[in-house]
Protein chains: 2
Amino acid sequence: MADLDFKLLANAPSRSFNAGETIFQEGDPATESYVVKNGSLQIRIGDRLVETLSDAGIFGEMALIDDLPRSATAVVQTDVDLVPVNQKRFLFLVCETPFFALNVMRALANRLRTQTSV
Amino acid sequence: MADLDFKLLANAPSRSFNAGETIFQEGDPATESYVVKNGSLQIRIGDRLVETLSDAGIFGEMALIDDLPRSATAVVQTDVDLVPVNQKRFLFLVCETPFFALNVMRALANRLRTQTSV
């Protein structure tokens, strides 16, 4: 992850969730993506664990480009601080931190390749 | 495609190919993506036609995020003008035309969903 993204993480407003909390569920409306500032969480489809994310991980990125509901559930593993990024904020951030766009694209590509996009 | 992208297409240096020419072949090193300024082209895997692209279409976008060779062949259908976009130019463009990042992400997602990413 590019250095510039750390500036994004340090300065952006974040949202805290406690261990065990559900950030979103499969089928929920999707309006924003998230960057993990600290802590860890799991992405699950049904009972299946598909991914574990920690510091600087990006998830929920499909919300930036379409209006489909969440295709997976995100559950907090250890207390997390997340930076929410909706489309408007994304468009602002890609100018301040252009590598962020590439990082989101990489997350998108990796996830679609493994069929676990959220 | 957002209006801003038309500014990108109008002002950026382009490269011309004639009908029947091959832009790149499966297995070629991939260093840049392209936006179709005008004309049309076909994306083929082996003998199979997987997609036809025309004005404002984006292809070769995987080159922005990884170093893998081309996974398909791009052949000109009617004479085309293409705007080449390498990673450096992409990082510049996403600031001038932020919707461009979302358009590239949409192309990436659609293509990966249909397994024809180039």
# chains A, B, ... in the order shown; residues from 1 in each chain; ligands from 1
$ residues_around --residues "Thr73 of chain A" --least-positions-apart "2" --cutoff "7 Å" --atoms "only C-alpha atoms" --output "PyMOL selection string"
chain A and resi 24-26+43-45+75
$ write_last_selection --atoms "N, CA and C atoms" --output "short mmCIF file (atom, residue, chain, number, x, y, z; two decimals), in the first residue's frame"
data_model
loop_
_atom_site.label_atom_id
_atom_site.label_comp_id
_atom_site.auth_asym_id
_atom_site.auth_seq_id
_atom_site.Cartn_x
_atom_site.Cartn_y
_atom_site.Cartn_z
N PHE A 24 -21.69 -5.14 8.00
CA PHE A 24 -22.84 -5.27 7.11
C PHE A 24 -23.10 -6.74 6.83
N GLN A 25 -24.34 -6.99 6.39
CA GLN A 25 -24.74 -8.37 6.13
C GLN A 25 -25.03 -8.57 4.65
N GLU A 26 -24.83 -9.80 4.18
CA GLU A 26 -25.25 -10.20 2.84
C GLU A 26 -26.67 -9.68 2.59
N ILE A 43 -14.62 -11.61 6.29
CA ILE A 43 -15.65 -11.56 5.25
C ILE A 43 -16.20 -12.99 5.12
N ARG A 44 -17.50 -13.12 5.27
CA ARG A 44 -18.13 -14.45 5.24
C ARG A 44 -19.26 -14.48 4.21
N ILE A 45 -19.39 -15.60 3.55
CA ILE A 45 -20.57 -15.84 2.71
C ILE A 45 -21.26 -17.05 3.31
N VAL A 75 -17.77 -9.22 9.54
CA VAL A 75 -17.88 -9.35 10.99
C VAL A 75 -16.55 -9.00 11.65
#
$ residues_around --residues "Phe99 of chain A" --least-positions-apart "2" --cutoff "7 Å" --atoms "only C-alpha atoms" --output "PDB file with all heavy atoms, in the first residue's frame"
ATOM      1  N   ALA A   2       0.559   2.172  -0.868  1.00  0.00           N
ATOM      2  CA  ALA A   2       1.400   3.366  -1.033  1.00  0.00           C
ATOM      3  C   ALA A   2       1.377   4.236   0.212  1.00  0.00           C
ATOM      4  O   ALA A   2       0.389   4.275   0.931  1.00  0.00           O
ATOM      5  CB  ALA A   2       0.903   4.171  -2.235  1.00  0.00           C
ATOM      6  N   THR A  97      -4.801  11.315  -3.244  1.00  0.00           N
ATOM      7  CA  THR A  97      -3.953  10.126  -3.093  1.00  0.00           C
ATOM      8  C   THR A  97      -4.212   9.186  -4.275  1.00  0.00           C
ATOM      9  O   THR A  97      -4.888   8.183  -4.136  1.00  0.00           O
ATOM     10  CB  THR A  97      -4.277   9.375  -1.778  1.00  0.00           C
ATOM     11  OG1 THR A  97      -5.659   8.990  -1.827  1.00  0.00           O
ATOM     12  CG2 THR A  97      -4.061  10.210  -0.564  1.00  0.00           C
ATOM     13  N   ALA A 101      -6.655   4.825  -5.902  1.00  0.00           N
ATOM     14  CA  ALA A 101      -7.482   4.264  -6.981  1.00  0.00           C
ATOM     15  C   ALA A 101      -6.918   2.920  -7.432  1.00  0.00           C
ATOM     16  O   ALA A 101      -7.661   1.952  -7.625  1.00  0.00           O
ATOM     17  CB  ALA A 101      -7.552   5.227  -8.159  1.00  0.00           C
ATOM     18  N   LEU A 102      -5.587   2.846  -7.566  1.00  0.00           N
ATOM     19  CA  LEU A 102      -4.964   1.584  -7.985  1.00  0.00           C
ATOM     20  C   LEU A 102      -5.134   0.507  -6.919  1.00  0.00           C
ATOM     21  O   LEU A 102      -5.346  -0.660  -7.229  1.00  0.00           O
ATOM     22  CB  LEU A 102      -3.480   1.795  -8.290  1.00  0.00           C
ATOM     23  CG  LEU A 102      -3.163   2.586  -9.563  1.00  0.00           C
ATOM     24  CD1 LEU A 102      -1.670   2.825  -9.682  1.00  0.00           C
ATOM     25  CD2 LEU A 102      -3.684   1.854 -10.797  1.00  0.00           C
ATOM     26  N   ASN A 103      -5.032   0.909  -5.645  1.00  0.00           N
ATOM     27  CA  ASN A 103      -5.214  -0.067  -4.567  1.00  0.00           C
ATOM     28  C   ASN A 103      -6.636  -0.615  -4.543  1.00  0.00           C
ATOM     29  O   ASN A 103      -6.847  -1.806  -4.330  1.00  0.00           O
ATOM     30  CB  ASN A 103      -4.854   0.558  -3.216  1.00  0.00           C
ATOM     31  CG  ASN A 103      -3.361   0.738  -3.058  1.00  0.00           C
ATOM     32  OD1 ASN A 103      -2.577  -0.021  -3.634  1.00  0.00           O
ATOM     33  ND2 ASN A 103      -2.954   1.744  -2.301  1.00  0.00           N
TER      34      ASN A 103
ATOM     35  N   LEU B  91      -2.536   7.798 -13.113  1.00  0.00           N
ATOM     36  CA  LEU B  91      -2.456   8.521 -11.839  1.00  0.00           C
ATOM     37  C   LEU B  91      -2.626  10.025 -12.047  1.00  0.00           C
ATOM     38  O   LEU B  91      -3.187  10.718 -11.199  1.00  0.00           O
ATOM     39  CB  LEU B  91      -1.121   8.218 -11.137  1.00  0.00           C
ATOM     40  CG  LEU B  91      -0.977   6.768 -10.667  1.00  0.00           C
ATOM     41  CD1 LEU B  91       0.434   6.517 -10.151  1.00  0.00           C
ATOM     42  CD2 LEU B  91      -1.995   6.433  -9.599  1.00  0.00           C
TER      43      LEU B  91
END
$ select_by_dssp --residues "chain B" --states "alpha helix (DSSP H)" --output "ChimeraX atom specification"
/B:3-11,87-96,99-113
$ interface_residues --of "chain A" --to "chain B" --cutoff "9 Å" --atoms "only C-alpha atoms" --output "ChimeraX atom specification"
/A:62,64-66,87,90-99,101-106,108-109,112-113,115
$ closest_residue --among "B:Val35, B:Leu41, B:Ala56, B:Val50" --to "Val76 of chain B" --atoms "only C-alpha atoms"
B:Leu41
$ atom_distance --atom1 "atom CA of Gly57 of chain B" --atom2 "atom CA of Ile58 of chain A"
26.8 Å
$ atom_distance --atom1 "atom CA of Ser33 of chain A" --atom2 "atom CA of Arg89 of chain A"
10.0 Å
